[in-house]
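This is final21.cif (mmCIF, C-alpha atoms).
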```
data_protein
#
loop_
_atom_site.group_PDB
_atom_site.id
_atom_site.type_symbol
_atom_site.label_atom_id
_atom_site.label_comp_id
_atom_site.auth_asym_id
_atom_site.auth_seq_id
_atom_site.Cartn_x
_atom_site.Cartn_y
_atom_site.Cartn_z
ATOM 1 C CA MET A 1 -66.863 -78.058 -3.088
ATOM 2 C CA ARG A 2 -68.183 -75.655 -0.451
ATOM 3 C CA VAL A 3 -67.246 -76.429 3.148
ATOM 4 C CA GLN A 4 -67.749 -74.784 6.497
ATOM 5 C CA ARG A 5 -64.786 -74.078 8.743
ATOM 6 C CA VAL A 6 -64.003 -72.362 12.028
ATOM 7 C CA VAL A 7 -61.038 -69.996 12.110
ATOM 8 C CA LEU A 8 -59.311 -68.033 14.853
ATOM 9 C CA ASN A 9 -60.782 -64.534 14.788
ATOM 10 C CA SER A 10 -58.870 -63.007 17.717
ATOM 11 C CA ARG A 11 -56.855 -64.007 20.761
ATOM 12 C CA PRO A 12 -58.078 -63.701 24.361
ATOM 13 C CA GLY A 13 -54.782 -62.180 25.487
ATOM 14 C CA ILE A 14 -52.206 -63.285 28.027
ATOM 15 C CA HIS A 15 -54.592 -63.360 30.981
ATOM 16 C CA GLY A 16 -57.828 -63.591 29.019
ATOM 17 C CA VAL A 17 -60.421 -66.337 29.004
ATOM 18 C CA PRO A 18 -61.519 -67.743 25.611
ATOM 19 C CA VAL A 19 -64.904 -66.511 24.406
ATOM 20 C CA ALA A 20 -67.046 -67.462 21.435
ATOM 21 C CA GLU A 21 -66.092 -64.237 19.653
ATOM 22 C CA ASN A 22 -62.477 -65.440 19.413
ATOM 23 C CA PHE A 23 -63.701 -67.705 16.590
ATOM 24 C CA ARG A 24 -65.736 -67.196 13.484
ATOM 25 C CA THR A 25 -67.418 -69.585 11.086
ATOM 26 C CA GLU A 26 -66.955 -69.125 7.375
ATOM 27 C CA GLU A 27 -67.384 -70.999 4.136
ATOM 28 C CA ALA A 28 -64.551 -71.950 1.822
ATOM 29 C CA ASN A 29 -63.994 -73.809 -1.439
ATOM 30 C CA LEU A 30 -62.093 -77.067 -1.735
ATOM 31 C CA PRO A 31 -60.988 -78.496 -5.062
ATOM 32 C CA ASP A 32 -63.028 -81.453 -6.285
ATOM 33 C CA LYS A 33 -59.904 -83.211 -7.542
ATOM 34 C CA LEU A 34 -57.286 -84.459 -5.099
ATOM 35 C CA ASN A 35 -53.585 -84.159 -5.797
ATOM 36 C CA LYS A 36 -51.045 -86.819 -4.955
ATOM 37 C CA GLY A 37 -50.470 -87.012 -1.206
ATOM 38 C CA GLN A 38 -53.881 -85.551 -0.288
ATOM 39 C CA VAL A 39 -56.854 -87.239 1.324
ATOM 40 C CA LYS A 40 -60.416 -86.081 1.812
ATOM 41 C CA VAL A 41 -61.871 -86.657 5.269
ATOM 42 C CA ARG A 42 -65.440 -86.364 6.489
ATOM 43 C CA THR A 43 -65.550 -84.986 10.048
ATOM 44 C CA LEU A 44 -68.148 -86.567 12.337
ATOM 45 C CA TYR A 45 -67.001 -85.255 15.718
ATOM 46 C CA LEU A 46 -64.429 -82.827 17.058
ATOM 47 C CA SER A 47 -63.038 -83.082 20.554
ATOM 48 C CA VAL A 48 -62.997 -79.882 22.606
ATOM 49 C CA ASP A 49 -61.053 -80.395 25.843
ATOM 50 C CA PRO A 50 -58.575 -78.231 27.804
ATOM 51 C CA TYR A 51 -56.098 -80.986 25.707
ATOM 52 C CA MET A 52 -58.890 -94.203 16.639
ATOM 53 C CA VAL A 53 -60.174 -97.312 14.895
ATOM 54 C CA ASP A 54 -63.021 -99.659 14.585
ATOM 55 C CA PRO A 55 -66.497 -98.424 15.690
ATOM 56 C CA ARG A 56 -67.149 -101.896 17.126
ATOM 57 C CA VAL A 57 -64.501 -101.238 19.771
ATOM 58 C CA VAL A 58 -66.875 -98.713 21.389
ATOM 59 C CA ASP A 59 -70.183 -100.304 20.356
ATOM 60 C CA GLY A 60 -70.668 -97.605 17.738
ATOM 61 C CA HIS A 61 -70.125 -94.625 20.065
ATOM 62 C CA LEU A 62 -67.787 -92.859 17.646
ATOM 63 C CA SER A 63 -67.295 -89.793 19.823
ATOM 64 C CA TYR A 64 -65.682 -91.995 22.486
ATOM 65 C CA PHE A 65 -62.602 -92.153 20.282
ATOM 66 C CA LEU A 66 -62.146 -88.450 21.075
ATOM 67 C CA GLY A 67 -62.537 -89.003 24.796
ATOM 68 C CA ALA A 68 -62.960 -92.093 26.924
ATOM 69 C CA VAL A 69 -61.320 -94.520 24.499
ATOM 70 C CA GLY A 70 -59.068 -91.963 22.814
ATOM 71 C CA THR A 71 -56.403 -89.540 23.940
ATOM 72 C CA THR A 72 -58.292 -88.536 27.076
ATOM 73 C CA GLY A 73 -58.828 -92.094 28.221
ATOM 74 C CA LEU A 74 -55.252 -93.062 27.439
ATOM 75 C CA THR A 75 -54.004 -90.103 29.444
ATOM 76 C CA SER A 76 -56.012 -91.212 32.478
ATOM 77 C CA LEU A 77 -55.151 -94.886 32.124
ATOM 78 C CA LEU A 78 -51.434 -94.606 31.443
ATOM 79 C CA ALA A 79 -50.874 -91.839 33.976
ATOM 80 C CA ILE A 80 -52.454 -93.969 36.703
ATOM 81 C CA LYS A 81 -50.651 -97.141 35.662
ATOM 82 C CA GLU A 82 -47.226 -95.651 34.964
ATOM 83 C CA GLN A 83 -46.959 -92.950 37.633
ATOM 84 C CA GLY A 84 -49.532 -93.817 40.286
ATOM 85 C CA HIS A 85 -47.635 -96.827 41.669
ATOM 86 C CA ILE A 86 -50.888 -98.381 42.831
ATOM 87 C CA THR A 87 -50.708 -101.802 44.460
ATOM 88 C CA ALA A 88 -53.961 -103.689 44.973
ATOM 89 C CA GLY A 89 -54.620 -104.518 48.592
ATOM 90 C CA SER A 90 -52.291 -101.855 50.006
ATOM 91 C CA ASN A 91 -55.134 -99.600 51.205
ATOM 92 C CA GLN A 92 -54.125 -96.594 49.101
ATOM 93 C CA THR A 93 -56.166 -93.396 48.852
ATOM 94 C CA LEU A 94 -56.412 -91.576 45.514
ATOM 95 C CA VAL A 95 -57.426 -87.912 45.250
ATOM 96 C CA VAL A 96 -58.346 -86.437 41.868
ATOM 97 C CA SER A 97 -58.664 -82.695 41.239
ATOM 98 C CA GLY A 98 -60.711 -81.544 38.272
ATOM 99 C CA ALA A 99 -62.539 -84.786 39.010
ATOM 100 C CA ALA A 100 -65.651 -83.989 36.978
ATOM 101 C CA GLY A 101 -63.624 -83.313 33.840
ATOM 102 C CA ALA A 102 -62.850 -85.726 31.051
ATOM 103 C CA CYS A 103 -59.532 -87.003 32.440
ATOM 104 C CA GLY A 104 -60.455 -86.705 36.099
ATOM 105 C CA SER A 105 -63.718 -88.631 35.922
ATOM 106 C CA LEU A 106 -61.956 -91.514 34.194
ATOM 107 C CA ALA A 107 -58.857 -91.376 36.400
ATOM 108 C CA GLY A 108 -60.924 -91.923 39.521
ATOM 109 C CA GLN A 109 -62.694 -94.936 38.045
ATOM 110 C CA ILE A 110 -59.446 -96.397 36.726
ATOM 111 C CA GLY A 111 -57.726 -95.858 40.063
ATOM 112 C CA ARG A 112 -60.453 -97.931 41.684
ATOM 113 C CA LEU A 113 -60.053 -100.685 39.100
ATOM 114 C CA GLU A 114 -56.282 -100.681 39.614
ATOM 115 C CA GLY A 115 -56.694 -101.279 43.340
ATOM 116 C CA CYS A 116 -57.176 -98.034 45.296
ATOM 117 C CA SER A 117 -59.343 -98.611 48.367
ATOM 118 C CA LYS A 118 -60.620 -95.020 48.478
ATOM 119 C CA VAL A 119 -61.151 -92.473 45.715
ATOM 120 C CA VAL A 120 -61.967 -88.837 46.465
ATOM 121 C CA GLY A 121 -62.727 -86.178 43.856
ATOM 122 C CA ILE A 122 -62.463 -82.400 43.983
ATOM 123 C CA CYS A 123 -64.685 -80.317 41.688
ATOM 124 C CA GLY A 124 -66.636 -77.076 41.597
ATOM 125 C CA THR A 125 -70.378 -77.698 42.029
ATOM 126 C CA ASN A 126 -72.650 -79.801 44.208
ATOM 127 C CA GLU A 127 -74.150 -81.335 41.063
ATOM 128 C CA LYS A 128 -70.748 -82.579 39.950
ATOM 129 C CA CYS A 129 -70.014 -83.935 43.439
ATOM 130 C CA SER A 130 -73.294 -85.853 43.370
ATOM 131 C CA ILE A 131 -72.526 -87.389 39.975
ATOM 132 C CA LEU A 132 -69.051 -88.476 41.065
ATOM 133 C CA VAL A 133 -70.390 -90.324 44.097
ATOM 134 C CA SER A 134 -73.756 -91.620 42.852
ATOM 135 C CA GLU A 135 -72.823 -92.533 39.281
ATOM 136 C CA LEU A 136 -69.050 -92.868 38.925
ATOM 137 C CA GLY A 137 -68.128 -94.748 42.084
ATOM 138 C CA PHE A 138 -66.122 -92.115 43.967
ATOM 139 C CA ASP A 139 -66.239 -92.574 47.748
ATOM 140 C CA ALA A 140 -66.486 -88.844 48.398
ATOM 141 C CA ALA A 141 -66.381 -85.552 46.532
ATOM 142 C CA ILE A 142 -65.417 -82.074 47.683
ATOM 143 C CA ASN A 143 -66.837 -78.857 46.269
ATOM 144 C CA TYR A 144 -63.846 -76.537 46.517
ATOM 145 C CA LYS A 145 -66.128 -73.508 46.279
ATOM 146 C CA LYS A 146 -67.962 -74.462 49.467
ATOM 147 C CA GLY A 147 -66.384 -74.620 52.897
ATOM 148 C CA ASN A 148 -62.794 -75.287 53.944
ATOM 149 C CA VAL A 149 -61.155 -77.653 51.458
ATOM 150 C CA ALA A 150 -58.369 -78.702 53.836
ATOM 151 C CA GLU A 151 -60.858 -79.682 56.542
ATOM 152 C CA GLN A 152 -63.082 -81.552 54.079
ATOM 153 C CA LEU A 153 -60.065 -83.368 52.695
ATOM 154 C CA ARG A 154 -58.912 -84.472 56.164
ATOM 155 C CA LYS A 155 -62.384 -85.814 56.848
ATOM 156 C CA ALA A 156 -62.559 -87.683 53.533
ATOM 157 C CA CYS A 157 -58.963 -88.973 53.768
ATOM 158 C CA PRO A 158 -58.253 -89.617 57.472
ATOM 159 C CA SER A 159 -55.243 -91.800 56.620
ATOM 160 C CA GLY A 160 -53.747 -89.200 54.285
ATOM 161 C CA VAL A 161 -53.308 -89.204 50.513
ATOM 162 C CA ASP A 162 -51.155 -91.764 48.687
ATOM 163 C CA VAL A 163 -51.771 -90.815 45.046
ATOM 164 C CA TYR A 164 -52.795 -87.397 43.751
ATOM 165 C CA PHE A 165 -53.987 -87.013 40.151
ATOM 166 C CA ASP A 166 -53.391 -83.299 39.627
ATOM 167 C CA ASN A 167 -55.418 -81.627 36.902
ATOM 168 C CA VAL A 168 -55.615 -78.104 38.286
ATOM 169 C CA GLY A 169 -52.489 -76.927 40.126
ATOM 170 C CA GLY A 170 -52.599 -73.766 42.228
ATOM 171 C CA VAL A 171 -54.067 -73.507 45.711
ATOM 172 C CA ILE A 172 -56.033 -76.764 45.463
ATOM 173 C CA SER A 173 -52.920 -78.774 44.704
ATOM 174 C CA ASP A 174 -50.964 -77.082 47.480
ATOM 175 C CA THR A 175 -53.734 -78.124 49.879
ATOM 176 C CA VAL A 176 -53.664 -81.751 48.746
ATOM 177 C CA ILE A 177 -49.867 -82.041 48.845
ATOM 178 C CA ARG A 178 -49.834 -80.820 52.457
ATOM 179 C CA GLN A 179 -51.873 -83.911 53.382
ATOM 180 C CA MET A 180 -49.914 -86.488 51.394
ATOM 181 C CA ASN A 181 -48.158 -89.414 53.059
ATOM 182 C CA LYS A 182 -44.486 -90.311 52.908
ATOM 183 C CA ASN A 183 -43.359 -91.970 49.665
ATOM 184 C CA SER A 184 -46.567 -90.951 47.900
ATOM 185 C CA HIS A 185 -46.987 -89.827 44.300
ATOM 186 C CA VAL A 186 -48.296 -86.763 42.459
ATOM 187 C CA ILE A 187 -49.331 -87.398 38.857
ATOM 188 C CA LEU A 188 -48.887 -84.028 37.175
ATOM 189 C CA CYS A 189 -51.456 -84.261 34.412
ATOM 190 C CA GLY A 190 -52.662 -80.675 34.070
ATOM 191 C CA GLN A 191 -52.564 -77.201 35.606
ATOM 192 C CA ILE A 192 -55.811 -75.791 34.320
ATOM 193 C CA SER A 193 -56.046 -73.060 36.961
ATOM 194 C CA GLN A 194 -52.876 -71.565 35.504
ATOM 195 C CA TYR A 195 -53.430 -71.947 31.755
ATOM 196 C CA ASN A 196 -54.481 -68.330 31.179
ATOM 197 C CA ASN A 197 -51.596 -66.912 33.206
ATOM 198 C CA ASP A 198 -48.323 -65.743 31.714
ATOM 199 C CA MET A 199 -45.890 -68.112 33.433
ATOM 200 C CA LEU A 200 -43.841 -71.238 32.939
ATOM 201 C CA HIS A 201 -45.590 -74.589 32.864
ATOM 202 C CA PRO A 202 -45.729 -76.332 35.167
ATOM 203 C CA PRO A 203 -45.689 -73.259 37.424
ATOM 204 C CA PRO A 204 -43.173 -73.306 40.294
ATOM 205 C CA LEU A 205 -44.444 -74.462 43.680
ATOM 206 C CA LEU A 206 -44.344 -72.477 46.885
ATOM 207 C CA PRO A 207 -41.096 -73.061 48.844
ATOM 208 C CA GLU A 208 -43.124 -74.626 51.670
ATOM 209 C CA VAL A 209 -44.725 -77.127 49.279
ATOM 210 C CA GLU A 210 -41.378 -77.932 47.652
ATOM 211 C CA SER A 211 -40.032 -78.657 51.131
ATOM 212 C CA ILE A 212 -42.901 -81.073 51.817
ATOM 213 C CA LEU A 213 -42.116 -82.977 48.630
ATOM 214 C CA LYS A 214 -38.479 -83.383 49.629
ATOM 215 C CA THR A 215 -39.097 -84.172 53.292
ATOM 216 C CA LYS A 216 -41.747 -86.811 52.558
ATOM 217 C CA ASN A 217 -40.030 -88.185 49.437
ATOM 218 C CA ILE A 218 -43.091 -87.450 47.295
ATOM 219 C CA THR A 219 -42.597 -87.890 43.560
ATOM 220 C CA ARG A 220 -44.106 -85.223 41.290
ATOM 221 C CA ASP A 221 -43.451 -85.872 37.615
ATOM 222 C CA ARG A 222 -45.053 -84.427 34.504
ATOM 223 C CA PHE A 223 -47.064 -86.985 32.604
ATOM 224 C CA LEU A 224 -46.262 -86.885 28.889
ATOM 225 C CA LEU A 225 -48.677 -89.122 27.023
ATOM 226 C CA PHE A 226 -46.552 -89.572 23.924
ATOM 227 C CA ASP A 227 -43.745 -91.074 25.990
ATOM 228 C CA TYR A 228 -45.930 -94.192 26.032
ATOM 229 C CA LYS A 229 -46.866 -94.614 22.372
ATOM 230 C CA ASP A 230 -46.001 -98.294 22.530
ATOM 231 C CA LYS A 231 -48.839 -98.785 25.023
ATOM 232 C CA PHE A 232 -51.560 -97.017 23.018
ATOM 233 C CA GLU A 233 -53.012 -100.102 21.319
ATOM 234 C CA SER A 234 -53.233 -102.192 24.476
ATOM 235 C CA GLY A 235 -54.577 -99.165 26.335
ATOM 236 C CA VAL A 236 -57.415 -98.605 23.855
ATOM 237 C CA LEU A 237 -58.347 -102.282 24.056
ATOM 238 C CA GLN A 238 -58.341 -102.191 27.859
ATOM 239 C CA LEU A 239 -60.498 -99.065 27.979
ATOM 240 C CA SER A 240 -62.975 -100.448 25.455
ATOM 241 C CA GLN A 241 -63.214 -103.721 27.378
ATOM 242 C CA TRP A 242 -63.977 -101.891 30.633
ATOM 243 C CA PHE A 243 -66.546 -99.748 28.845
ATOM 244 C CA LYS A 244 -68.320 -102.785 27.351
ATOM 245 C CA GLU A 245 -68.286 -104.556 30.721
ATOM 246 C CA GLY A 246 -69.757 -101.522 32.445
ATOM 247 C CA LYS A 247 -66.698 -101.075 34.660
ATOM 248 C CA ILE A 248 -66.163 -97.489 33.529
ATOM 249 C CA LYS A 249 -68.981 -95.058 32.848
ATOM 250 C CA VAL A 250 -68.734 -92.205 30.387
ATOM 251 C CA LYS A 251 -70.441 -88.869 30.936
ATOM 252 C CA GLU A 252 -70.382 -86.926 27.706
ATOM 253 C CA THR A 253 -71.559 -83.488 26.626
ATOM 254 C CA VAL A 254 -72.232 -83.412 22.867
ATOM 255 C CA ILE A 255 -73.002 -80.079 21.195
ATOM 256 C CA ASN A 256 -74.393 -80.037 17.676
ATOM 257 C CA GLY A 257 -72.875 -77.769 15.056
ATOM 258 C CA LEU A 258 -69.373 -76.677 14.158
ATOM 259 C CA GLU A 259 -70.359 -73.038 14.690
ATOM 260 C CA ASN A 260 -70.704 -73.711 18.444
ATOM 261 C CA MET A 261 -67.048 -74.586 18.969
ATOM 262 C CA GLY A 262 -66.134 -71.190 20.418
ATOM 263 C CA ALA A 263 -69.081 -71.184 22.800
ATOM 264 C CA ILE A 264 -68.306 -74.619 24.205
ATOM 265 C CA LEU A 265 -64.636 -73.697 24.666
ATOM 266 C CA LYS A 266 -65.771 -70.720 26.727
ATOM 267 C CA LYS A 267 -67.928 -72.978 28.898
ATOM 268 C CA ILE A 268 -65.056 -75.408 29.417
ATOM 269 C CA SER A 269 -62.750 -72.608 30.528
ATOM 270 C CA ARG A 270 -65.352 -71.694 33.165
ATOM 271 C CA ALA A 271 -65.879 -75.335 34.203
ATOM 272 C CA VAL A 272 -69.587 -75.182 33.313
ATOM 273 C CA LEU A 273 -69.837 -78.522 31.530
ATOM 274 C CA ILE A 274 -69.367 -82.002 32.947
ATOM 275 C CA LYS A 275 -67.090 -84.713 31.545
ATOM 276 C CA CYS A 276 -65.980 -85.264 27.948
ATOM 277 C CA HIS A 277 -66.869 -82.581 25.414
ATOM 278 C CA SER A 278 -67.443 -83.230 21.727
ATOM 279 C CA ILE A 279 -68.869 -81.281 18.819
ATOM 280 C CA GLN A 280 -71.004 -83.292 16.421
ATOM 281 C CA ILE A 281 -70.414 -82.061 12.909
ATOM 282 C CA LEU A 282 -72.841 -84.180 10.911
ATOM 283 C CA GLU A 283 -76.494 -84.863 11.605
ATOM 284 C CA GLY A 284 -77.549 -88.472 11.561
ATOM 285 C CA LYS A 285 -75.505 -91.574 12.283
ATOM 286 C CA GLY A 286 -73.078 -91.377 9.429
ATOM 287 C CA PRO A 287 -71.282 -93.893 7.259
ATOM 288 C CA CYS A 288 -69.213 -95.548 9.970
ATOM 289 C CA GLY A 289 -71.360 -98.370 11.182
ATOM 290 C CA ARG A 290 -74.472 -97.074 13.005
ATOM 291 C CA GLY A 291 -76.945 -96.531 10.206
ATOM 292 C CA GLY A 292 -77.131 -94.651 6.969
ATOM 293 C CA LYS A 293 -79.327 -91.627 7.579
ATOM 294 C CA SER A 294 -78.668 -88.924 5.041
ATOM 295 C CA MET A 295 -76.775 -85.823 6.148
ATOM 296 C CA LYS A 296 -78.082 -82.299 5.783
ATOM 297 C CA THR A 297 -74.615 -80.799 5.888
ATOM 298 C CA GLU A 298 -71.262 -82.122 4.806
ATOM 299 C CA ASN A 299 -68.059 -80.692 6.204
ATOM 300 C CA TRP A 300 -64.809 -81.854 4.652
ATOM 301 C CA VAL A 301 -61.200 -81.384 5.613
ATOM 302 C CA THR A 302 -58.332 -81.752 3.188
ATOM 303 C CA ASN A 303 -55.136 -83.081 4.721
ATOM 304 C CA THR A 304 -51.992 -82.139 2.769
ATOM 305 C CA ASN A 305 -48.465 -83.480 3.129
ATOM 306 C CA GLU A 306 -47.786 -81.041 5.972
ATOM 307 C CA GLU A 307 -46.689 -83.010 8.991
ATOM 308 C CA THR A 308 -48.741 -82.510 12.148
ATOM 309 C CA LYS A 309 -46.502 -82.694 15.177
ATOM 310 C CA HIS A 310 -48.113 -83.955 18.354
ATOM 311 C CA GLN A 311 -46.214 -82.672 21.336
ATOM 312 C CA GLY A 312 -46.025 -84.493 24.621
ATOM 313 C CA MET A 313 -48.643 -82.895 26.783
ATOM 314 C CA LEU A 314 -49.147 -81.737 30.309
ATOM 315 C CA GLY A 315 -52.334 -83.769 30.486
ATOM 316 C CA LYS A 316 -53.697 -84.180 26.941
#
```

Could I get this structure in the form of structure tokens?
Amino acid sequence: MRVQRVVLNSRPGIHGVPVAENFRTEEANLPDKLNKGQVKVRTLYLSVDPYMVDPRVVDGHLSYFLGAVGTTGLTSLLAIKEQGHITAGSNQTLVVSGAAGACGSLAGQIGRLEGCSKVVGICGTNEKCSILVSELGFDAAINYKKGNVAEQLRKACPSGVDVYFDNVGGVISDTVIRQMNKNSHVILCGQISQYNNDMLHPPPLLPEVESILKTKNITRDRFLLFDYKDKFESGVLQLSQWFKEGKIKVKETVINGLENMGAILKKISRAVLIKCHSIQILEGKGPCGRGGKSMKTENWVTNTNEETKHQGMLGK
């Protein structure tokens, strides 16, 4: 059987940014007969993020299992619930960096549902800011590329910041931490501004920022999704319920064709795309519950007995 696959062609280097040329698409042969311990899997979607179940759970939106109702959604939900220490009615303000990304856009909505009275997002374009406020229920959004972020943050959060969902690290996070209240909480989900740098993760903070954490008794703990495996099932059900009830909205970028994986990864690294990112492998609706249109291309993956180890993540 002939299949199409994407392989690593080169590495971007220690300080490099991924580009499409780091990958190449090629064809390969798979045996028609399976050996003991092997399974043959048809790939419908691949998730591509800087980072499963009955189709009825997501009303047939299969790609949501890679994002809003999958690992991404669980990261947002469990990080908020387990490390945000949100109490309904306590007038807490939540700030989310990387707010137009897959985790950030969900974290803001979930924070609202959990009881935050104000939700403010930080992102990199006016278009993203508009979507956060007009479509996803954020109270305000700050374009960190325009104007003074500290001043905009003080205006949006006059009572200070109680919960910070940190997706980016770096200068933006230093700015937010400087405006956090006593006994507040930083959810350390990701450090995307530092991912292409050759340093420890999470990167060390400036001495001044470390001092603020200690003086104000601010918690700042890494969120490791797989520390909460016992909550995955209930989390997926909660996310799917909110989705069906219209309480969370999903913005999704779907790119057709396995050969485009490298190009979309490049766009993600430059923060060009908005929200969850998936690659659709098969044309049509597939065999999993939303119709039976025939496929022009079939891509298969053989899974051997090799164990895949999922490491606890710094945000996905």

What is the CA of Tyr228 (chain A) to CA of Thr75 (chain A) distance in Å? 9.7 Å

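CA of Gln109 (chain A) lies 18.8 Å from CA of Phe232 (chain A).
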
Between A:Val236, A:Ile172, A:Asn183, A:Leu153, which residue has the minimum interatomic distance to Thr72 (chain A), considering all atoms listed in the file?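 Of all the options, A:Val236 lies closest to Thr72 (chain A).
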
Quick one: residues within 9 Å of Lys128 (chain A), only C-alpha atoms, excluding same-chain residues fewer than 5 positions away - as a VMD selection string? chain A and resid 99 to 100 123 133 141 143 274

Which of A:Arg178, A:Tyr64, A:Gly84, A:Ile218 sits closest to Leu239 (chain A) [using only C-alpha atoms]: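 Closest residue, counting only C-alpha atoms: A:Tyr64.
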
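What separates CA of Lys146 (chain A) from CA of Val120 (chain A) is a distance of 15.9 Å.
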
I'd like to see the residues matched by the PyMOL selection byres ((chain A and resi 243) around 12) on this file, and ideally I'd get them as an mmCIF file with C-alpha atoms, in the coordinates of the input.
```cif
data_model
loop_
_atom_site.group_PDB
_atom_site.id
_atom_site.type_symbol
_atom_site.label_atom_id
_atom_site.label_comp_id
_atom_site.auth_asym_id
_atom_site.auth_seq_id
_atom_site.Cartn_x
_atom_site.Cartn_y
_atom_site.Cartn_z
ATOM 1 C CA ARG A 56 -67.149 -101.896 17.126
ATOM 2 C CA VAL A 57 -64.501 -101.238 19.771
ATOM 3 C CA VAL A 58 -66.875 -98.713 21.389
ATOM 4 C CA ASP A 59 -70.183 -100.304 20.356
ATOM 5 C CA HIS A 61 -70.125 -94.625 20.065
ATOM 6 C CA TYR A 64 -65.682 -91.995 22.486
ATOM 7 C CA ALA A 68 -62.960 -92.093 26.924
ATOM 8 C CA VAL A 69 -61.320 -94.520 24.499
ATOM 9 C CA GLY A 73 -58.828 -92.094 28.221
ATOM 10 C CA LEU A 106 -61.956 -91.514 34.194
ATOM 11 C CA GLN A 109 -62.694 -94.936 38.045
ATOM 12 C CA ILE A 110 -59.446 -96.397 36.726
ATOM 13 C CA VAL A 236 -57.415 -98.605 23.855
ATOM 14 C CA LEU A 237 -58.347 -102.282 24.056
ATOM 15 C CA GLN A 238 -58.341 -102.191 27.859
ATOM 16 C CA LEU A 239 -60.498 -99.065 27.979
ATOM 17 C CA SER A 240 -62.975 -100.448 25.455
ATOM 18 C CA GLN A 241 -63.214 -103.721 27.378
ATOM 19 C CA TRP A 242 -63.977 -101.891 30.633
ATOM 20 C CA LYS A 244 -68.320 -102.785 27.351
ATOM 21 C CA GLU A 245 -68.286 -104.556 30.721
ATOM 22 C CA GLY A 246 -69.757 -101.522 32.445
ATOM 23 C CA LYS A 247 -66.698 -101.075 34.660
ATOM 24 C CA ILE A 248 -66.163 -97.489 33.529
ATOM 25 C CA LYS A 249 -68.981 -95.058 32.848
ATOM 26 C CA VAL A 250 -68.734 -92.205 30.387
ATOM 27 C CA LYS A 251 -70.441 -88.869 30.936
#
```

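Counting all atoms listed in the file, Val171 (chain A) has the following residues at most 12 Å away, ignoring those fewer than 6 positions along the same chain: Ser97, Tyr144, Val149, Ala150, Ile177, Arg178, Gln191, Ile192, Ser193, Gln194, Pro203, Leu205, Leu206 and Val209 of chain A.
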
Which is closer to Leu74 (chain A) than all the others in A:Gln4, A:Gln92, A:Ser234, A:Asn256, using all atoms listed in the file? A:Ser234

Set the distance at 8 Å and use only C-alpha atoms: which residues neighbour region 29-31 of chain A once local chain neighbours fewer than 3 positions away are removed? I'd like the list as a ChimeraX atom specification. /A:1-3,34,302

Local residues around (-68.0, -72.9, 13.4), at most 8 Å away, using only C-alpha atoms, as a PyMOL selection string: chain A and resi 4-7+23-26+257-262

Okay, now the selection with C-alpha atoms, as a compact mmCIF listing (two decimals), in the frame of the given file?
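Output saved as out-v5.txt:
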```
# COMPACT_ATOMS: atom_id res chain seq x y z
CA GLN A 4 -67.75 -74.78 6.50
CA ARG A 5 -64.79 -74.08 8.74
CA VAL A 6 -64.00 -72.36 12.03
CA VAL A 7 -61.04 -70.00 12.11
CA PHE A 23 -63.70 -67.70 16.59
CA ARG A 24 -65.74 -67.20 13.48
CA THR A 25 -67.42 -69.58 11.09
CA GLU A 26 -66.96 -69.12 7.38
CA GLY A 257 -72.88 -77.77 15.06
CA LEU A 258 -69.37 -76.68 14.16
CA GLU A 259 -70.36 -73.04 14.69
CA ASN A 260 -70.70 -73.71 18.44
CA MET A 261 -67.05 -74.59 18.97
CA GLY A 262 -66.13 -71.19 20.42
```

Using the file's own x, y and z axes, what box holds all listed atoms of region 94-112 of chain A with 4 Å on each side, keeping edges along x, y and z, and what are its centre and edge lengths in Å to one decimal, as lines of an AutoDock Vina configuration file?
```
center_x = -61.0
center_y = -89.7
center_z = 38.3
size_x = 17.2
size_y = 24.4
size_z = 22.5
```

List the residues matched by the PyMOL selection byres ((chain A and resi 111) around 12) in the displayed structure as a PyMOL selection string, ordered by chain and then by residue number. chain A and resi 76-88+92-96+103-110+112-121+136-139+162-165+187+247-248

Residue with the minimum atom-to-atom distance to Gln179 (chain A), picked from A:Lys145, A:Lys40, A:Arg222, A:Lys216 with only C-alpha atoms counted, is A:Lys216

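Nearest-residue note for Leu132 (chain A): choosing from A:Gly147, A:Gly89, A:Pro158, A:Gly98, the minimum distance belongs to A:Gly98, counting only C-alpha atoms.
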